[in-house]
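Trainee: This is entry-v8.cif, which holds mmCIF, C-alpha atoms:
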```cif
data_input
loop_
_atom_site.label_atom_id
_atom_site.label_comp_id
_atom_site.auth_asym_id
_atom_site.auth_seq_id
_atom_site.Cartn_x
_atom_site.Cartn_y
_atom_site.Cartn_z
CA MET A 17 -137.79 25.26 -23.53
CA THR A 18 -138.90 25.20 -27.16
CA ASP A 19 -142.48 24.66 -28.25
CA SER A 20 -142.66 22.54 -31.38
CA GLY A 21 -146.39 23.12 -31.83
CA GLY A 22 -145.94 26.45 -33.57
CA GLU A 23 -146.88 28.58 -30.57
CA ARG A 24 -144.82 31.53 -29.48
CA GLY A 25 -142.37 31.13 -26.65
CA ALA A 26 -142.26 33.38 -23.60
CA LEU A 27 -139.95 35.95 -22.06
CA TYR A 28 -139.37 35.43 -18.34
CA VAL A 29 -138.18 38.46 -16.36
CA VAL A 30 -136.31 36.78 -13.50
CA SER A 31 -135.19 38.48 -10.30
CA THR A 32 -131.83 37.36 -8.91
CA PRO A 33 -130.20 37.92 -5.49
CA ILE A 34 -128.85 41.36 -4.64
CA GLY A 35 -126.14 39.82 -2.47
CA ASN A 36 -127.24 36.76 -0.55
CA LEU A 37 -127.53 33.78 -2.89
CA ALA A 38 -130.05 32.15 -0.54
CA ASP A 39 -132.56 34.77 -1.74
CA MET A 40 -132.82 33.06 -5.15
CA THR A 41 -136.34 31.68 -5.45
CA LEU A 42 -137.18 28.09 -6.35
CA ARG A 43 -139.35 29.31 -9.22
CA GLY A 44 -136.51 31.45 -10.51
CA LEU A 45 -134.12 28.49 -10.46
CA ASP A 46 -136.60 26.26 -12.26
CA THR A 47 -137.11 28.93 -14.92
CA LEU A 48 -133.38 29.42 -15.53
CA ARG A 49 -132.95 25.66 -15.89
CA THR A 50 -135.73 25.15 -18.42
CA VAL A 51 -135.55 28.11 -20.83
CA SER A 52 -133.54 27.90 -24.05
CA VAL A 53 -131.26 30.78 -23.18
CA VAL A 54 -130.57 33.22 -20.35
CA LEU A 55 -130.03 36.85 -21.38
CA ALA A 56 -127.60 38.50 -18.97
CA GLU A 57 -126.37 42.03 -18.43
CA ASP A 58 -122.85 40.70 -17.73
CA THR A 59 -122.30 37.06 -18.65
CA ARG A 60 -119.13 36.81 -16.54
CA HIS A 61 -121.03 37.90 -13.45
CA SER A 62 -124.12 35.80 -14.15
CA ARG A 63 -122.09 32.69 -15.00
CA LYS A 64 -121.00 32.54 -11.35
CA LEU A 65 -124.67 32.54 -10.28
CA LEU A 66 -125.61 29.77 -12.69
CA GLU A 67 -122.56 27.68 -11.79
CA HIS A 68 -123.38 28.01 -8.09
CA PHE A 69 -126.78 26.44 -8.71
CA GLU A 70 -125.42 23.98 -11.31
CA ILE A 71 -127.43 25.47 -14.15
CA THR A 72 -126.05 24.81 -17.63
CA THR A 73 -128.43 26.92 -19.73
CA PRO A 74 -126.50 28.99 -22.34
CA LEU A 75 -125.83 32.62 -21.47
CA VAL A 76 -126.12 35.43 -24.02
CA ALA A 77 -125.06 39.03 -23.38
CA HIS A 78 -127.92 41.51 -23.52
CA HIS A 79 -127.11 44.99 -22.21
CA GLU A 80 -127.59 48.67 -22.93
CA HIS A 81 -124.82 48.69 -25.54
CA ASN A 82 -126.19 45.90 -27.73
CA GLU A 83 -129.92 45.63 -26.97
CA ALA A 84 -130.99 47.75 -29.95
CA LYS A 85 -129.05 45.43 -32.30
CA THR A 86 -129.91 42.07 -30.68
CA THR A 87 -133.57 42.57 -29.76
CA PRO A 88 -135.14 41.86 -33.21
CA ALA A 89 -133.38 38.50 -33.57
CA LEU A 90 -134.23 37.47 -30.01
CA VAL A 91 -137.90 38.32 -30.49
CA ALA A 92 -137.93 36.38 -33.77
CA ARG A 93 -136.64 33.32 -31.94
CA MET A 94 -139.36 33.64 -29.31
CA GLU A 95 -141.97 34.02 -32.05
CA GLN A 96 -140.76 30.68 -33.38
CA GLY A 97 -141.30 28.96 -30.03
CA GLU A 98 -138.19 29.50 -27.91
CA SER A 99 -138.59 30.74 -24.35
CA MET A 100 -135.95 32.95 -22.79
CA ALA A 101 -135.16 34.47 -19.41
CA ILE A 102 -133.67 37.90 -18.86
CA ILE A 103 -131.68 38.64 -15.71
CA THR A 104 -129.60 41.53 -14.45
CA ASP A 105 -126.43 41.54 -12.36
CA ALA A 106 -128.53 41.78 -9.20
CA GLY A 107 -132.18 42.27 -8.34
CA THR A 108 -135.09 42.78 -10.69
CA PRO A 109 -134.46 43.51 -14.39
CA LEU A 110 -135.68 46.81 -15.89
CA VAL A 111 -135.43 48.61 -12.52
CA SER A 112 -132.51 50.93 -13.35
CA ASP A 113 -131.23 48.11 -15.59
CA PRO A 114 -131.51 47.11 -19.28
CA GLY A 115 -134.42 45.10 -20.63
CA ALA A 116 -137.23 47.56 -21.31
CA ARG A 117 -136.62 47.56 -25.08
CA LEU A 118 -136.78 43.75 -25.26
CA VAL A 119 -139.91 43.53 -23.11
CA ALA A 120 -141.69 46.15 -25.22
CA ALA A 121 -140.70 44.40 -28.45
CA ALA A 122 -141.82 41.02 -27.12
CA ILE A 123 -145.22 42.41 -26.13
CA ALA A 124 -145.62 44.05 -29.53
CA ALA A 125 -144.91 40.69 -31.17
CA GLY A 126 -147.49 38.89 -29.06
CA VAL A 127 -144.91 37.07 -26.92
CA ARG A 128 -145.95 36.47 -23.31
CA VAL A 129 -143.89 38.38 -20.74
CA ILE A 130 -143.89 36.57 -17.40
CA PRO A 131 -142.43 38.15 -14.23
CA ILE A 132 -140.60 35.88 -11.77
CA PRO A 133 -140.47 38.03 -8.61
CA GLY A 134 -137.64 38.01 -6.11
CA ALA A 135 -135.05 40.25 -4.54
CA SER A 136 -135.36 44.03 -4.98
CA ALA A 137 -133.03 46.61 -3.46
CA VAL A 138 -135.80 49.22 -3.68
CA LEU A 139 -138.21 47.25 -1.51
CA ALA A 140 -135.54 45.91 0.83
CA ALA A 141 -134.38 49.44 1.64
CA LEU A 142 -137.90 50.78 1.89
CA VAL A 143 -139.07 48.26 4.49
CA ALA A 144 -135.90 48.62 6.55
CA ALA A 145 -135.84 52.44 6.55
CA GLY A 146 -138.41 52.84 9.32
CA LEU A 147 -140.30 55.47 7.34
CA PRO A 148 -143.91 55.43 6.06
CA ALA A 149 -143.89 53.09 3.07
CA HIS A 150 -147.54 52.90 2.03
CA ARG A 151 -146.63 54.91 -1.07
CA PHE A 152 -143.33 55.86 -2.68
CA THR A 153 -141.70 57.24 -5.83
CA PHE A 154 -138.60 55.57 -7.25
CA PHE A 155 -136.10 57.93 -8.89
CA GLY A 156 -133.27 55.52 -9.68
CA PHE A 157 -129.95 57.34 -10.11
CA LEU A 158 -130.29 61.12 -10.17
CA GLU A 159 -128.62 63.07 -12.95
CA ARG A 160 -125.10 63.97 -11.85
CA LYS A 161 -125.52 67.70 -12.37
CA GLY A 162 -127.48 70.40 -14.10
CA ARG A 163 -131.10 71.42 -14.33
CA GLU A 164 -132.49 67.87 -14.39
CA ARG A 165 -130.80 67.08 -11.08
CA GLU A 166 -132.12 70.28 -9.53
CA GLN A 167 -135.62 69.52 -10.79
CA ALA A 168 -135.51 65.99 -9.36
CA ILE A 169 -134.51 67.31 -5.94
CA LEU A 170 -137.27 69.92 -6.13
CA THR A 171 -139.75 67.14 -6.94
CA ILE A 172 -138.53 65.05 -4.00
CA ARG A 173 -138.92 68.07 -1.74
CA GLY A 174 -142.58 68.43 -2.72
CA LEU A 175 -143.55 64.76 -2.40
CA GLY A 176 -146.07 63.84 0.26
CA HIS A 177 -144.66 60.31 0.39
CA ALA A 178 -141.29 58.56 0.44
CA ALA A 179 -138.70 58.91 -2.31
CA VAL A 180 -136.19 56.16 -3.14
CA VAL A 181 -132.88 56.99 -4.84
CA TYR A 182 -129.96 54.80 -5.96
CA GLU A 183 -126.44 56.13 -5.54
CA SER A 184 -122.84 55.00 -5.92
CA PRO A 185 -120.47 55.05 -2.93
CA ASN A 186 -118.23 57.78 -4.34
CA ARG A 187 -121.18 60.14 -4.95
CA LEU A 188 -123.17 59.49 -1.79
CA ALA A 189 -121.76 62.45 0.17
CA ASP A 190 -122.38 64.86 -2.72
CA THR A 191 -125.96 63.68 -3.20
CA LEU A 192 -126.79 63.97 0.50
CA ALA A 193 -125.28 67.46 0.53
CA ASP A 194 -127.33 68.44 -2.53
CA LEU A 195 -130.51 67.10 -0.92
CA ARG A 196 -129.73 69.09 2.23
CA ASP A 197 -128.98 72.26 0.26
CA GLY A 198 -132.19 71.70 -1.71
CA GLY A 199 -134.27 72.22 1.42
CA LEU A 200 -134.48 68.63 2.68
CA GLY A 201 -132.07 68.90 5.59
CA ALA A 202 -134.71 68.37 8.28
CA ARG A 203 -136.38 65.45 6.46
CA ARG A 204 -135.95 61.98 7.97
CA ALA A 205 -134.04 59.56 5.76
CA ALA A 206 -132.12 56.30 5.66
CA VAL A 207 -129.02 55.17 3.80
CA ALA A 208 -129.04 51.42 3.14
CA ARG A 209 -125.95 49.71 1.79
CA GLU A 210 -124.72 46.18 1.16
CA LEU A 211 -128.28 44.92 1.56
CA THR A 212 -128.54 41.15 2.28
CA LYS A 213 -124.73 40.91 2.46
CA GLN A 214 -122.43 40.29 5.41
CA PHE A 215 -121.81 43.97 6.10
CA GLU A 216 -125.38 45.18 5.56
CA GLU A 217 -126.03 48.54 7.18
CA VAL A 218 -129.02 50.87 7.40
CA ARG A 219 -128.10 54.25 8.86
CA ARG A 220 -131.04 56.46 9.81
CA GLY A 221 -131.32 60.15 10.67
CA THR A 222 -132.21 63.45 9.08
CA VAL A 223 -130.74 64.29 5.69
CA GLU A 224 -128.58 66.90 7.48
CA GLU A 225 -127.25 64.31 9.95
CA LEU A 226 -126.53 61.78 7.23
CA ALA A 227 -124.85 64.39 5.01
CA ARG A 228 -122.64 65.40 7.92
CA TYR A 229 -121.75 61.77 8.69
CA TYR A 230 -120.90 60.74 5.13
CA ALA A 231 -118.90 63.91 4.52
CA ASP A 232 -116.19 62.22 6.59
CA ALA A 233 -117.08 58.50 6.47
CA SER A 234 -116.47 56.36 3.39
CA ALA A 235 -119.20 54.08 2.08
CA ARG A 236 -118.87 50.83 0.18
CA GLY A 237 -121.23 48.69 -1.84
CA GLU A 238 -124.51 49.40 -3.57
CA ILE A 239 -126.48 52.19 -1.88
CA VAL A 240 -130.15 53.08 -1.62
CA ILE A 241 -131.37 56.34 -0.07
CA VAL A 242 -134.91 56.57 1.29
CA ILE A 243 -136.27 60.05 2.06
CA GLU A 244 -139.44 60.76 4.00
CA GLY A 245 -142.22 62.70 2.31
CA THR A 246 -143.29 66.12 3.49
CA ALA A 247 -146.04 66.19 6.08
CA TYR A 248 -149.44 66.80 4.49
CA GLU A 249 -151.12 70.05 5.48
CA ALA A 250 -154.83 70.33 4.81
CA PRO A 251 -155.68 73.49 2.81
CA SER A 252 -157.51 76.23 4.65
CA GLU A 253 -161.15 77.00 3.89
CA ASP A 254 -160.07 80.25 2.25
CA ALA A 255 -157.79 78.29 -0.08
CA LEU A 256 -160.61 75.88 -0.88
CA ARG A 257 -162.99 78.79 -1.54
CA GLU A 258 -160.46 80.39 -3.89
CA ARG A 259 -160.10 77.13 -5.80
CA ALA A 260 -163.89 76.74 -6.01
CA ARG A 261 -164.27 80.25 -7.43
CA ALA A 262 -161.54 79.63 -9.98
CA LEU A 263 -163.25 76.44 -11.12
CA ARG A 264 -166.65 78.12 -11.41
CA ALA A 265 -165.04 80.89 -13.48
CA THR A 266 -164.05 78.25 -16.05
CA GLY A 267 -167.66 77.05 -16.28
CA ALA A 268 -167.30 74.01 -14.03
CA SER A 269 -170.54 72.69 -12.58
CA ALA A 270 -171.15 72.50 -8.83
CA ARG A 271 -170.69 68.74 -9.09
CA ASP A 272 -167.31 69.16 -10.79
CA VAL A 273 -166.23 71.64 -8.12
CA VAL A 274 -167.15 69.20 -5.34
CA SER A 275 -165.18 66.45 -7.04
CA ALA A 276 -162.14 68.66 -7.49
CA LEU A 277 -162.12 69.91 -3.91
CA THR A 278 -162.49 66.44 -2.41
CA GLU A 279 -160.25 64.46 -4.77
CA GLU A 280 -157.52 67.00 -5.47
CA LEU A 281 -157.35 68.81 -2.15
CA GLY A 282 -158.83 66.33 0.32
CA ALA A 283 -161.63 68.64 1.46
CA PRO A 284 -164.47 67.10 3.51
CA ARG A 285 -167.46 66.49 1.24
CA ASN A 286 -169.84 68.68 3.24
CA VAL A 287 -167.41 71.61 3.10
CA ALA A 288 -166.81 71.08 -0.62
CA TYR A 289 -170.56 70.97 -1.27
CA ARG A 290 -171.14 74.23 0.63
CA LEU A 291 -168.32 76.05 -1.14
CA ALA A 292 -169.41 74.74 -4.54
CA HIS A 293 -172.87 76.32 -4.05
CA GLU A 294 -171.75 79.66 -2.63
CA PRO A 295 -172.91 82.65 -4.68
#
```
Take the structure I supplied and represent it as structure tokens, if you would.

Mentor:
Amino acid sequence: MTDSGGERGALYVVSTPIGNLADMTLRGLDTLRTVSVVLAEDTRHSRKLLEHFEITTPLVAHHEHNEAKTTPALVARMEQGESMAIITDAGTPLVSDPGARLVAAAIAAGVRVIPIPGASAVLAALVAAGLPAHRFTFFGFLERKGREREQAILTIRGLGHAAVVYESPNRLADTLADLRDGGLGARRAAVARELTKQFEEVRRGTVEELARYYADASARGEIVIVIEGTAYEAPSEDALRERARALRATGASARDVVSALTEELGAPRNVAYRLAHEP
């Protein structure tokens, strides 16, 4: 797909199956067939996908180890009219996978970036977990150890909505144990593995129950952990009054206090108005 009229090409961010090849979209297939080149995280892996669908578009390796070096030349080609597609080994590119550097560089150069939606392990696990999914925070893979890992678990503990975490099979038991020891033992959760594949499994329970189970049971395949958010507790009127006084002490107007109490703390507007005007 090369434009000979002097216009820039485009960068297509194409989602690929996370296991079941039938999840490849028609639009995704058409895109992979018509672009000039397909940028792949692992060309050996992606070649099997393209061969399955009889796609002969050239494959070029683009991964975390070479993206800094290859990005300028790829963007230059798109500026000259070539269109390219970027794919990952499975699922949606840039979600815990390479590609962000290329997308940012393409945008900076005025190249259109076009998403081609499809399979996503994050969303597949979230909708199968049986937990409230109206809002969630995606953490990807947690740091293996140290302060950053502890801080991430502390953040998950304080969330009022679901958290989604990727994990490898050999570290699943340790991560569940760390979540439990971090104060999340009673929180409902789900461990989803081998999503869309023959041996797909979603095991549900509390973090404590799942940690106990996987301490003895082995797990295979790609894994997604979904953890329920903490139940929201409305602040007491005394807490709201204290916050209102603190805001007034900084010079905030009554209107600003009302906004803060309602938007930050979820206070009813009539209560916020009364507290904002207390002497």

Trainee: I'd like the interatomic distance between atom CA of Gly198 of chain A and atom CA of Leu170 of chain A, to a tenth of an Å.

Mentor: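 About the pair atom CA of Gly198 of chain A and atom CA of Leu170 of chain A: they are 7.0 Å apart.
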
Trainee: Can you list what the PyMOL selection byres ((chain A and resi 204-221) around 6) grabs from this structure, as a PDB file with C-alpha atoms, keeping the file's coordinate frame?

Mentor:
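The result, stored in part_38.pdb:
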```
ATOM      1  CA  GLY A  35    -126.140  39.820  -2.470  1.00  0.00           C
ATOM      2  CA  ASN A  36    -127.240  36.760  -0.550  1.00  0.00           C
ATOM      3  CA  ALA A 141    -134.380  49.440   1.640  1.00  0.00           C
ATOM      4  CA  ALA A 145    -135.840  52.440   6.550  1.00  0.00           C
ATOM      5  CA  ARG A 203    -136.380  65.450   6.460  1.00  0.00           C
ATOM      6  CA  THR A 222    -132.210  63.450   9.080  1.00  0.00           C
ATOM      7  CA  VAL A 223    -130.740  64.290   5.690  1.00  0.00           C
ATOM      8  CA  GLU A 225    -127.250  64.310   9.950  1.00  0.00           C
ATOM      9  CA  GLY A 237    -121.230  48.690  -1.840  1.00  0.00           C
ATOM     10  CA  GLU A 238    -124.510  49.400  -3.570  1.00  0.00           C
ATOM     11  CA  ILE A 239    -126.480  52.190  -1.880  1.00  0.00           C
ATOM     12  CA  VAL A 240    -130.150  53.080  -1.620  1.00  0.00           C
ATOM     13  CA  ILE A 241    -131.370  56.340  -0.070  1.00  0.00           C
ATOM     14  CA  VAL A 242    -134.910  56.570   1.290  1.00  0.00           C
ATOM     15  CA  ILE A 243    -136.270  60.050   2.060  1.00  0.00           C
ATOM     16  CA  GLU A 244    -139.440  60.760   4.000  1.00  0.00           C
TER      17      GLU A 244
END
```

Trainee: List, as a ChimeraX atom specification, every residue that the PyMOL selection byres ((chain A and resi 42) around 12) selects in the file provided.

Mentor: /A:30-32,37-41,43-49,69,132-134

Trainee: Just C-alpha atoms for this one: save the residues we selected as a JSON list (two decimals), in the coordinates of the input.

Mentor:
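Below you can see out.json, which holds the result:
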```
[["chain", "number", "residue", "atom", "x", "y", "z"],
["A", 30, "VAL", "CA", -136.31, 36.78, -13.50],
["A", 31, "SER", "CA", -135.19, 38.48, -10.30],
["A", 32, "THR", "CA", -131.83, 37.36, -8.91],
["A", 37, "LEU", "CA", -127.53, 33.78, -2.89],
["A", 38, "ALA", "CA", -130.05, 32.15, -0.54],
["A", 39, "ASP", "CA", -132.56, 34.77, -1.74],
["A", 40, "MET", "CA", -132.82, 33.06, -5.15],
["A", 41, "THR", "CA", -136.34, 31.68, -5.45],
["A", 43, "ARG", "CA", -139.35, 29.31, -9.22],
["A", 44, "GLY", "CA", -136.51, 31.45, -10.51],
["A", 45, "LEU", "CA", -134.12, 28.49, -10.46],
["A", 46, "ASP", "CA", -136.60, 26.26, -12.26],
["A", 47, "THR", "CA", -137.11, 28.93, -14.92],
["A", 48, "LEU", "CA", -133.38, 29.42, -15.53],
["A", 49, "ARG", "CA", -132.95, 25.66, -15.89],
["A", 69, "PHE", "CA", -126.78, 26.44, -8.71],
["A", 132, "ILE", "CA", -140.60, 35.88, -11.77],
["A", 133, "PRO", "CA", -140.47, 38.03, -8.61],
["A", 134, "GLY", "CA", -137.64, 38.01, -6.11]]
```

Trainee: In Å to one decimal, how far is atom CA of Ala193 of chain A from atom CA of Ala178 of chain A?

Mentor: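 Distance reported for this atom pair: 18.3 Å.
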
Trainee: Would you mind listing what lies within 12 Å of Ala89 of chain A as a ChimeraX atom specification, with only C-alpha atoms counted and same-chain residues fewer than 3 positions away left out?

Mentor: /A:78,82-86,92-96,98,118,121-122,125

Trainee: Apply the PyMOL selection byres ((chain A and resi 295) around 12) to the structure shown and report the selected residues as a list in words.

Mentor: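 Taken on the displayed file, the PyMOL selection byres ((chain A and resi 295) around 12) yields the residues Arg257, Ala260, Arg261, Arg264, Ala265, Ala270, Arg290, Leu291, Ala292, His293 and Glu294 of chain A.
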
Trainee: Considering all atoms listed in the file, return as a PyMOL selection string whatever protein or nucleic-acid residues lie within 10 Å of Ser62 of chain A, sequence-local ones (same chain, fewer than 3 positions apart) excluded.

Mentor: chain A and resi 32+54-59+65-68+75+77+103-106

Trainee: Using only C-alpha atoms, pick whichever of A:Glu253, A:Ser112, A:Leu147, A:Arg228 has the shortest atom-to-atom distance to Glu183 of chain A.

Mentor: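 Residue with the minimum atom-to-atom distance to Glu183 of chain A: A:Ser112.
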
Trainee: Any idea what's packed within 12 Å of Ala120 of chain A, counting all atoms listed in the file, ignoring anything in its chain fewer than 5 positions away? Could you give it as a list in words?

Mentor: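 Result of the neighbour search: Leu27, Glu83, Ala84, Thr87, Pro88, Val91, Leu110, Pro114, Gly115, Ala125, Gly126, Val127, Arg128 and Val129 of chain A.
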
Trainee: Pick out the closest residue to Tyr230 of chain A from this set: A:Glu80, A:Glu70, A:Glu164, A:Asp190. Count only C-alpha atoms.

Mentor: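 Checking each of A:Glu80, A:Glu70, A:Glu164, A:Asp190 against Tyr230 of chain A, counting only C-alpha atoms, the winner is A:Asp190.
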
Trainee: Give me the residues within 8 Å of segment 274-284 of chain A as a compact mmCIF listing (two decimals) with C-alpha atoms, keeping the file's coordinate frame, counting all atoms listed in the file and dropping any in the same chain fewer than 2 places off.

Mentor:
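What landed in part.txt:
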```
# COMPACT_ATOMS: atom_id res chain seq x y z
CA ALA A 250 -154.83 70.33 4.81
CA PRO A 251 -155.68 73.49 2.81
CA LEU A 256 -160.61 75.88 -0.88
CA ARG A 259 -160.10 77.13 -5.80
CA ALA A 260 -163.89 76.74 -6.01
CA ALA A 270 -171.15 72.50 -8.83
CA ARG A 271 -170.69 68.74 -9.09
CA ASP A 272 -167.31 69.16 -10.79
CA ASN A 286 -169.84 68.68 3.24
CA VAL A 287 -167.41 71.61 3.10
CA ALA A 288 -166.81 71.08 -0.62
CA TYR A 289 -170.56 70.97 -1.27
CA ALA A 292 -169.41 74.74 -4.54
```

Trainee: Which residue gives the smallest distance to Val181 of chain A among A:Val111, A:Ile71, A:Ile102, A:Ala202, with only C-alpha atoms counted?

Mentor: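 For Val181 of chain A, the nearest of the given residues is A:Val111.
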
Trainee: What is the distance between atom CA of Val180 of chain A and atom CA of Gly199 of chain A, in Å to one decimal?

Mentor: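 About the pair atom CA of Val180 of chain A and atom CA of Gly199 of chain A: they are 16.8 Å apart.
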
Trainee: Residues around (-115.5, 58.3, -0.5), cut-off 7 Å, counting all atoms listed in the file - what are they as a PyMOL selection string?

Mentor: chain A and resi 185-186+234-235

Trainee: Quick one: 3 Å padding each side, axis-aligned, all listed atoms of segment 201-206 of chain A - centre and edge lengths in Å to one decimal, as lines of an AutoDock Vina configuration file?

Mentor:
```
center_x = -134.2
center_y = 62.6
center_z = 6.9
size_x = 10.3
size_y = 18.6
size_z = 8.7
```
